[in-house]
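Below is the file work03.txt, which contains compact mmCIF, C-alpha atoms and all ligand atoms.
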# COMPACT_ATOMS: atom_id res chain seq x y z
CA MET A 1396 -4.67 -4.83 -12.11
CA SER A 1397 -6.51 -1.99 -10.38
CA THR A 1398 -9.87 -2.41 -8.70
CA HIS A 1399 -10.87 1.05 -9.98
CA ARG A 1400 -12.94 1.31 -13.16
CA LYS A 1401 -10.81 2.31 -16.16
CA SER A 1402 -12.75 5.56 -16.65
CA GLU A 1403 -11.81 6.65 -13.11
CA VAL A 1404 -8.10 6.30 -13.73
CA ARG A 1405 -6.05 9.17 -15.12
CA ARG A 1406 -2.67 8.78 -13.67
CA ILE A 1407 0.09 11.35 -13.70
CA SER A 1408 2.57 10.19 -16.35
CA ALA A 1409 6.36 10.29 -16.77
CA PRO A 1410 6.11 13.23 -19.24
CA ASP A 1411 3.85 15.07 -16.75
CA ILE A 1412 6.54 14.71 -14.07
CA PHE A 1413 9.33 15.68 -16.49
CA GLN A 1414 7.49 18.84 -17.52
CA ARG A 1415 7.19 19.97 -13.90
CA LYS A 1416 10.95 20.70 -13.77
CA GLY A 1417 11.46 24.03 -12.00
CA GLY A 1418 7.72 24.44 -11.33
CA ASP A 1419 5.61 23.73 -8.26
CA PRO A 1420 7.45 21.28 -5.97
CA LEU A 1421 6.79 17.61 -6.74
CA VAL A 1422 5.50 15.43 -3.89
CA ALA A 1423 6.45 11.77 -3.56
CA LEU A 1424 6.31 9.10 -0.86
CA THR A 1425 7.03 5.40 -0.71
CA ALA A 1426 4.19 2.85 -0.59
CA TYR A 1427 4.22 -0.92 -0.38
CA THR A 1428 0.59 -1.85 0.30
CA ALA A 1429 -2.87 -1.11 -1.12
CA PRO A 1430 -4.34 0.56 2.01
CA MET A 1431 -1.34 2.86 2.40
CA ALA A 1432 -1.39 3.72 -1.32
CA ARG A 1433 -5.08 4.60 -0.98
CA LEU A 1434 -4.25 7.04 1.86
CA LEU A 1435 -1.34 8.66 0.01
CA ASP A 1436 -2.68 8.82 -3.54
CA ASP A 1437 -4.53 12.15 -3.39
CA ALA A 1438 -1.64 14.06 -1.86
CA CYS A 1439 1.16 12.65 -4.00
CA ASP A 1440 2.33 13.15 -7.57
CA LEU A 1441 4.37 9.97 -7.45
CA LEU A 1442 4.31 6.82 -5.31
CA LEU A 1443 7.55 4.86 -5.20
CA VAL A 1444 7.36 1.17 -4.44
CA GLY A 1445 10.83 1.35 -2.96
CA ASP A 1446 13.05 -1.61 -2.23
CA SER A 1447 13.25 0.06 1.20
CA THR A 1448 10.33 -2.32 1.79
CA GLY A 1449 13.04 -4.87 2.61
CA MET A 1450 14.03 -2.86 5.68
CA VAL A 1451 10.71 -1.19 6.52
CA ALA A 1452 8.27 -4.08 6.06
CA HIS A 1453 10.38 -7.26 5.98
CA GLY A 1454 12.92 -6.61 8.73
CA PHE A 1455 16.09 -6.96 6.63
CA SER A 1456 19.10 -4.83 7.59
CA SER A 1457 19.57 -3.63 4.00
CA THR A 1458 17.76 -3.64 0.66
CA VAL A 1459 20.14 -6.25 -0.81
CA PRO A 1460 17.97 -9.34 -0.07
CA VAL A 1461 14.88 -7.89 -1.80
CA THR A 1462 13.80 -9.91 -4.85
CA LEU A 1463 12.01 -9.01 -8.06
CA ASP A 1464 9.03 -11.15 -7.01
CA MET A 1465 8.71 -9.15 -3.78
CA MET A 1466 8.75 -5.88 -5.71
CA ILE A 1467 6.11 -7.14 -8.12
CA LEU A 1468 3.81 -8.26 -5.30
CA HIS A 1469 4.11 -4.87 -3.56
CA GLY A 1470 3.72 -3.09 -6.90
CA GLN A 1471 0.47 -4.90 -7.66
CA ALA A 1472 -0.90 -3.92 -4.25
CA VAL A 1473 0.05 -0.25 -4.67
CA MET A 1474 -1.53 -0.15 -8.13
CA ARG A 1475 -4.76 -1.59 -6.73
CA GLY A 1476 -4.81 1.03 -3.97
CA SER A 1477 -4.09 4.11 -6.08
CA ARG A 1478 -5.55 5.75 -9.14
CA LYS A 1479 -4.00 9.20 -9.60
CA ALA A 1480 -0.33 9.22 -8.67
CA MET A 1481 2.35 7.90 -11.00
CA VAL A 1482 3.61 4.57 -9.63
CA VAL A 1483 7.30 3.73 -10.02
CA ILE A 1484 8.84 0.48 -8.85
CA ASP A 1485 12.43 -0.05 -7.77
CA LEU A 1486 14.36 -2.71 -9.66
CA PRO A 1487 15.98 -4.59 -6.77
CA PHE A 1488 19.66 -5.43 -6.31
CA GLY A 1489 20.79 -8.15 -8.72
CA SER A 1490 17.94 -7.76 -11.20
CA TYR A 1491 19.42 -5.13 -13.53
CA GLU A 1492 23.15 -4.52 -13.09
CA ALA A 1493 24.57 -7.36 -15.21
CA ASN A 1494 23.63 -5.85 -18.59
CA PRO A 1495 20.85 -3.87 -20.28
CA GLU A 1496 19.15 -7.07 -21.48
CA ALA A 1497 18.85 -8.38 -17.92
CA ALA A 1498 17.45 -5.01 -16.83
CA TYR A 1499 14.98 -5.07 -19.71
CA GLY A 1500 13.74 -8.55 -18.71
CA ALA A 1501 13.23 -7.44 -15.10
CA ALA A 1502 11.59 -4.15 -16.09
CA VAL A 1503 9.22 -5.82 -18.56
CA ARG A 1504 8.07 -8.22 -15.83
CA VAL A 1505 7.44 -5.25 -13.53
CA MET A 1506 5.52 -3.31 -16.16
CA LYS A 1507 3.42 -6.25 -17.39
CA GLU A 1508 2.68 -7.84 -14.01
CA THR A 1509 1.93 -4.66 -12.05
CA GLY A 1510 0.73 -2.08 -14.59
CA ALA A 1511 3.08 0.49 -13.01
CA GLN A 1512 4.37 3.30 -15.22
CA GLY A 1513 8.09 3.09 -14.66
CA VAL A 1514 11.06 1.65 -12.81
CA LYS A 1515 13.87 3.16 -10.75
CA VAL A 1516 17.51 2.10 -10.90
CA GLU A 1517 20.42 3.17 -8.71
CA SER A 1518 23.50 4.70 -10.33
CA GLY A 1519 26.66 2.90 -11.30
CA PRO A 1520 29.19 3.08 -14.12
CA THR A 1521 27.17 0.87 -16.48
CA ILE A 1522 23.75 2.26 -15.65
CA PRO A 1523 23.43 5.09 -18.22
CA ASP A 1524 23.59 2.50 -21.05
CA THR A 1525 20.90 0.50 -19.27
CA ILE A 1526 18.68 3.55 -18.84
CA ARG A 1527 19.02 4.34 -22.55
CA TYR A 1528 18.24 0.71 -23.47
CA LEU A 1529 15.07 0.68 -21.35
CA VAL A 1530 13.83 4.12 -22.41
CA ASP A 1531 14.38 3.28 -26.10
CA ARG A 1532 12.14 0.25 -25.57
CA GLY A 1533 9.27 2.12 -23.94
CA ILE A 1534 10.08 1.92 -20.24
CA PRO A 1535 10.18 5.19 -18.27
CA VAL A 1536 13.17 5.18 -15.92
CA MET A 1537 13.89 7.18 -12.80
CA GLY A 1538 17.55 7.48 -11.81
CA HIS A 1539 18.97 7.56 -8.28
CA VAL A 1540 22.27 9.24 -7.37
CA GLY A 1541 24.16 10.14 -4.21
CA LEU A 1542 23.65 7.65 -1.40
CA CYS A 1543 22.62 4.46 -3.20
CA PRO A 1544 21.39 1.97 -0.56
CA GLN A 1545 22.03 -1.07 -2.79
CA ALA A 1546 25.76 -0.19 -2.65
CA VAL A 1547 25.82 -0.61 1.15
CA ASN A 1548 28.41 -3.39 1.02
CA ILE A 1549 30.78 -1.47 -1.28
CA ASP A 1550 30.34 1.75 0.71
CA GLY A 1551 30.62 0.03 4.11
CA GLY A 1552 27.33 1.51 5.35
CA PHE A 1553 24.67 4.02 4.40
CA LYS A 1554 26.96 7.01 3.90
CA ALA A 1555 26.16 10.49 2.67
CA LYS A 1556 27.89 11.32 -0.60
CA GLY A 1557 29.86 14.31 -1.83
CA ARG A 1558 32.34 14.69 1.02
CA THR A 1559 35.26 15.26 -1.39
CA ALA A 1560 35.45 17.32 -4.57
CA ALA A 1561 36.03 14.13 -6.59
CA GLU A 1562 32.95 12.50 -5.11
CA ARG A 1563 30.83 15.59 -5.77
CA GLN A 1564 32.06 15.59 -9.36
CA SER A 1565 31.19 11.92 -9.72
CA VAL A 1566 27.64 12.32 -8.31
CA LEU A 1567 27.03 15.28 -10.63
CA ALA A 1568 28.36 13.31 -13.61
CA GLN A 1569 26.05 10.38 -12.76
CA ALA A 1570 23.04 12.68 -12.61
CA HIS A 1571 24.03 14.18 -15.97
CA ALA A 1572 24.57 10.77 -17.55
CA ALA A 1573 21.24 9.40 -16.28
CA THR A 1574 19.41 12.44 -17.63
CA GLU A 1575 21.22 12.32 -20.98
CA ALA A 1576 20.26 8.64 -21.19
CA GLY A 1577 16.59 9.59 -20.92
CA ALA A 1578 15.65 9.33 -17.23
CA PHE A 1579 12.43 11.29 -16.62
CA ALA A 1580 13.45 12.18 -13.05
CA ILE A 1581 16.30 11.59 -10.62
CA VAL A 1582 16.24 10.76 -6.90
CA VAL A 1583 19.08 12.61 -5.15
CA GLU A 1584 19.80 11.01 -1.78
CA GLY A 1585 22.08 11.95 1.09
CA VAL A 1586 24.03 14.90 -0.29
CA ALA A 1587 24.71 18.43 0.99
CA GLU A 1588 22.57 21.32 -0.15
CA SER A 1589 25.18 22.84 -2.47
CA LEU A 1590 25.53 19.60 -4.45
CA ALA A 1591 21.75 19.06 -4.58
CA ARG A 1592 21.28 22.58 -5.90
CA GLY A 1593 24.13 22.13 -8.37
CA ILE A 1594 22.59 18.92 -9.76
CA THR A 1595 19.10 20.40 -9.89
CA LYS A 1596 20.37 23.42 -11.79
CA ALA A 1597 22.55 21.40 -14.15
CA ILE A 1598 20.16 18.72 -15.39
CA GLY A 1599 16.97 18.88 -17.42
CA ALA A 1600 15.09 16.23 -15.43
CA PRO A 1601 13.39 17.08 -12.13
CA THR A 1602 15.16 16.00 -8.95
CA PHE A 1603 13.43 14.38 -5.97
CA GLY A 1604 15.50 14.98 -2.84
CA ILE A 1605 15.73 12.72 0.20
CA GLY A 1606 18.20 14.05 2.71
CA ALA A 1607 19.22 16.44 -0.04
CA SER A 1608 17.86 19.83 1.11
CA ALA A 1609 15.09 22.05 -0.22
CA GLY A 1610 17.20 22.72 -3.31
CA CYS A 1611 15.54 19.94 -5.34
CA ASP A 1612 12.51 20.08 -7.64
CA GLY A 1613 10.56 17.83 -5.27
CA GLN A 1614 10.86 15.74 -2.15
CA ILE A 1615 10.46 12.05 -1.36
CA LEU A 1616 10.47 10.34 2.04
CA VAL A 1617 9.93 6.83 3.30
CA THR A 1618 6.33 7.07 4.51
CA GLU A 1619 6.87 5.05 7.69
CA ASP A 1620 9.70 7.44 8.67
CA MET A 1621 7.57 10.56 8.35
CA LEU A 1622 4.67 8.87 10.16
CA GLY A 1623 6.90 8.11 13.15
CA MET A 1624 6.71 4.31 12.92
CA PHE A 1625 10.28 3.89 14.15
CA GLU A 1626 12.00 4.98 17.35
CA TRP A 1627 14.86 6.55 15.42
CA THR A 1628 14.60 8.68 12.32
CA PRO A 1629 17.44 10.33 10.41
CA LYS A 1630 18.05 14.09 10.77
CA PHE A 1631 16.56 14.81 7.33
CA VAL A 1632 13.15 13.32 8.19
CA ARG A 1633 10.40 15.49 9.64
CA ARG A 1634 7.92 13.45 11.70
CA TYR A 1635 4.39 14.43 10.83
CA ALA A 1636 2.83 11.87 13.20
CA ASN A 1637 3.86 9.57 15.98
CA LEU A 1638 2.16 6.37 14.92
CA ALA A 1639 4.46 4.02 16.81
CA SER A 1640 3.37 5.35 20.20
CA GLU A 1641 -0.25 5.56 19.06
CA ILE A 1642 -0.18 1.91 17.94
CA THR A 1643 1.55 0.81 21.15
CA ARG A 1644 -1.10 2.65 23.19
CA ALA A 1645 -3.99 1.13 21.19
CA VAL A 1646 -2.62 -2.41 21.31
CA GLY A 1647 -2.01 -2.12 25.06
CA ALA A 1648 -5.60 -0.96 25.61
CA TYR A 1649 -6.93 -3.85 23.48
CA ALA A 1650 -4.86 -6.41 25.39
CA GLU A 1651 -6.08 -5.03 28.73
CA ASP A 1652 -9.72 -5.16 27.56
CA VAL A 1653 -9.42 -8.75 26.31
CA ARG A 1654 -7.74 -9.89 29.53
CA ALA A 1655 -10.40 -8.13 31.64
CA ARG A 1656 -13.21 -9.57 29.42
CA ARG A 1657 -14.30 -6.02 28.56
CA PHE A 1658 -13.93 -6.77 24.83
CA PRO A 1659 -16.07 -7.69 22.97
CA ALA A 1660 -19.10 -6.06 24.61
CA ALA A 1661 -22.73 -6.36 23.45
CA ALA A 1662 -22.28 -3.54 20.94
CA GLU A 1663 -19.54 -5.53 19.20
CA THR A 1664 -21.48 -8.83 19.19
CA TYR A 1665 -23.85 -10.29 16.56
CA PHE A 1666 -27.16 -11.72 17.84
CA ASN A 1667 -29.60 -13.81 15.81
CA GLY A 1668 -32.78 -12.22 17.15
CA THR A 1669 -33.50 -15.05 19.62
CA GLY A 1670 -31.14 -13.79 22.24
CA GLN A 1671 -28.94 -16.76 21.36
CA PRO A 1672 -25.40 -16.41 20.00
CA PRO A 1673 -25.21 -16.83 16.19
CA LEU A 1674 -24.62 -20.34 14.86
CA LEU A 1675 -20.92 -20.89 14.49
CA GLU A 1676 -21.46 -23.06 11.41
CA ALA A 1677 -23.38 -20.29 9.58
CA ALA A 1678 -21.73 -18.85 6.47
CA PRO A 1679 -19.80 -15.61 7.13
CA ASP A 1680 -22.31 -13.45 5.22
CA GLN A 1681 -25.22 -14.89 7.28
CA ARG A 1682 -23.38 -14.33 10.54
CA LEU A 1683 -22.76 -10.71 9.63
CA SER A 1684 -26.31 -9.92 8.55
O1 LIG B 1 13.75 2.41 -1.76
C1 LIG B 1 13.37 3.56 -1.49
O2 LIG B 1 12.46 3.78 -0.69
C2 LIG B 1 14.05 4.67 -2.13
C3 LIG B 1 13.77 6.03 -1.59
C4 LIG B 1 14.57 6.19 -0.35
C5 LIG B 1 14.04 7.08 -2.58
O3 LIG B 1 14.83 4.48 -3.03
Same coordinates, now as structure tokens:
Amino acid sequence: MSTHRKSEVRRISAPDIFQRKGGDPLVALTAYTAPMARLLDDACDLLLVGDSTGMVAHGFSSTVPVTLDMMILHGQAVMRGSRKAMVVIDLPFGSYEANPEAAYGAAVRVMKETGAQGVKVESGPTIPDTIRYLVDRGIPVMGHVGLCPQAVNIDGGFKAKGRTAAERQSVLAQAHAATEAGAFAIVVEGVAESLARGITKAIGAPTFGIGASAGCDGQILVTEDMLGMFEWTPKFVRRYANLASEITRAVGAYAEDVRARRFPAAAETYFNGTGQPPLLEAAPDQRLS
């Protein structure tokens, strides 16, 4: 799947991530495309092809409409663009909840068609059995507890978890169950610091926090959030760039130049040596030479 030569590829594996529990903080970001994966690969231990692509790249208001085919297409692109980080792909809503066999079918497609090293599933009462079923059949699984975006319709919105003692108990139990079932790592999303620290201390798998404090074994963010691609970002996101305003500025300057006939100038134009414009019917490689 990858455009890199085999000898160049030594990806971080699920056991590598598992063994980093309690060690140096793990670094993860989301990626959906090859060029972005290429930019993130060196800095990250793990790239998640998140179903957040539905909201970030496809303009949906939740992750619910995302399909398995969409995840596979994005997964293939991220694999082509990266060579070092472990790549994990979200199983989207509707592809894994029915029973472990359905999850296995979806996960096998992901693994075979993308070459990624694992899948992520969001928590629910039946999910530990599914995690066990997949792991027993050779598929590394990452769990996801706390705020589970695929449950948006049951929860009535994207709501932080652990507001009551019962809810905290339930999130902790889900993290335990996922780890006991064989998950190599757990995403902990949208919970208060005390719960994140409690989970991280209680389970043997490393935790990746998102909106879950510094008390986790590692951190994960949606890349477009931390790059400032959106006007609004949640409180838990730190913006490391302001790409939205930079893109708006650049596009505005381009539009002005085109309208004023300042672009393209001679420096951006191909000539054929006769002072004449290149033949339009020439093949692309001849026009560019
Ligand atoms: O889909 C996603 O991007 C995720 C992260 C928010 C962890 O699940």
Interface rows for chain A against ligand LIG 1 (chain B): nearest pair, Å to one decimal, 6 Å, all atoms listed in the file, as JSON lines:
{"residue": "A:Thr1425", "atom": "CA", "partner": "B:LIG1", "partner_atom": "O2", "distance": 5.7}
{"residue": "A:Gly1445", "atom": "CA", "partner": "B:LIG1", "partner_atom": "O1", "distance": 3.3}
{"residue": "A:Asp1446", "atom": "CA", "partner": "B:LIG1", "partner_atom": "O1", "distance": 4.1}
{"residue": "A:Ser1447", "atom": "CA", "partner": "B:LIG1", "partner_atom": "O1", "distance": 3.8}
{"residue": "A:Val1617", "atom": "CA", "partner": "B:LIG1", "partner_atom": "O2", "distance": 5.6}
Include C-alpha atoms and write out the residues we just selected as a JSON list (two decimals), in the frame of the given file.
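result.json, written as the output of this step:
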[["chain", "number", "residue", "atom", "x", "y", "z"],
["A", 1425, "THR", "CA", 7.03, 5.40, -0.71],
["A", 1445, "GLY", "CA", 10.83, 1.35, -2.96],
["A", 1446, "ASP", "CA", 13.05, -1.61, -2.23],
["A", 1447, "SER", "CA", 13.25, 0.06, 1.20],
["A", 1617, "VAL", "CA", 9.93, 6.83, 3.30]]
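The space separating atom CA of A:Arg1406 from atom CA of A:Lys1479 comes to 4.3 Å.
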Interface rows for stretch 1420-1476 of chain A against stretch 1618-1637 of chain A: nearest pair, Å to one decimal, 10 Å, all atoms listed in the file, as a tab-separated table:
residue	atom	partner	partner_atom	distance
A:Ala1423	CA	A:Thr1618	CA	9.3
A:Leu1424	CA	A:Thr1618	CA	5.7
A:Thr1425	CA	A:Thr1618	CA	5.5
A:Ala1426	CA	A:Thr1618	CA	7.0
A:Tyr1427	CA	A:Thr1618	CA	9.6
A:Met1431	CA	A:Thr1618	CA	9.0
A:Leu1435	CA	A:Thr1618	CA	9.0
A:Val1451	CA	A:Glu1619	CA	7.4
A:Ala1452	CA	A:Glu1619	CA	9.4
Problem set entry | Minimum-distance residue to A:Ala1432, chosen among A:Ala1472, A:Val1566, A:Val1461, A:Ala1409 (using only C-alpha atoms) |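 Ranking A:Ala1472, A:Val1566, A:Val1461, A:Ala1409 by distance to A:Ala1432, first place goes to A:Ala1472.
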For this session: For A:Arg1415, please output as a ChimeraX atom specification all residues within 12 Å (counting all atoms listed in the file; exclusion window: fewer than 6 positions along the same chain).
Result: /A:1407-1409,1421-1422,1440,1579-1580,1599-1603,1611-1613
Exercise. Which of these residues is nearest to A:Leu1542, using all atoms listed in the file: A:Ile1605, A:Ala1597, A:Leu1486, A:Ala1497?
Worked result: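 Smallest distance to A:Leu1542 is found for A:Ile1605.
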Exercise. How many Å lie between atom CA of A:Met1537 and atom CA of A:Leu1434, rounded to one decimal?
Worked result: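 Those two atoms sit 23.3 Å apart.
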Seminar exercise, completed: From the list A:Thr1559, A:Ile1581, A:Gln1564, A:Asp1419, the nearest residue to A:Val1483 using all atoms listed in the file is A:Ile1581
Exercise. Rounded to one decimal in Å, what is the spacing between atom CA of A:Arg1657 and atom CA of A:Thr1643?
Worked result: 18.8 Å
Non-local contacts of A:Ala1502 (10 Å; all atoms listed in the file; under 5 positions in same chain excluded) as a tab-separated table (two decimals) with C-alpha atoms, in the frame of the given file:
chain	number	residue	atom	x	y	z
A	1463	LEU	CA	12.01	-9.01	-8.06
A	1484	ILE	CA	8.84	0.48	-8.85
A	1485	ASP	CA	12.43	-0.05	-7.77
A	1486	LEU	CA	14.36	-2.71	-9.66
A	1490	SER	CA	17.94	-7.76	-11.20
A	1491	TYR	CA	19.42	-5.13	-13.53
A	1496	GLU	CA	19.15	-7.07	-21.48
A	1497	ALA	CA	18.85	-8.38	-17.92
A	1507	LYS	CA	3.42	-6.25	-17.39
A	1508	GLU	CA	2.68	-7.84	-14.01
A	1513	GLY	CA	8.09	3.09	-14.66
A	1514	VAL	CA	11.06	1.65	-12.81
A	1515	LYS	CA	13.87	3.16	-10.75
A	1529	LEU	CA	15.07	0.68	-21.35
A	1534	ILE	CA	10.08	1.92	-20.24
A	1535	PRO	CA	10.18	5.19	-18.27
A	1536	VAL	CA	13.17	5.18	-15.92
Exercise. Which is closer to A:Ile1467 than all the others in A:Met1506, A:Ala1661, A:Val1583, A:Val1530, using all atoms listed in the file?
Worked result: A:Met1506
Problem set entry | Nearest to A:Pro1495, chosen from A:Ala1555, A:Met1465, A:Ala1576, A:Ile1526, with all atoms listed in the file counted in the distances |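 Closest to A:Pro1495 of all the choices is A:Ile1526.
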Seminar exercise, completed: Of A:Val1540, A:Lys1554, A:Thr1521, A:Arg1644, the one sitting nearest A:Ala1568 when using all atoms listed in the file is A:Val1540
Return as JSON the centre and edge lengths, in Å with one decimal, of the box along x, y and z that encloses every atom of stretch 1573-1581 of chain A in the file, padded by 5 Å per side.
{"center_x": 16.8, "center_y": 10.5, "center_z": -15.9, "size_x": 18.8, "size_y": 13.8, "size_z": 20.6}
For this session: Please write as a VMD selection string the list of polymer residues whose atoms come within 12 Å of (-2.5, 0.8, -1.1), counting all atoms listed in the file and keeping to the coordinates of the file.
Result: chain A and resid 1397 to 1398 1425 to 1437 1442 to 1444 1468 to 1478 1480 1482
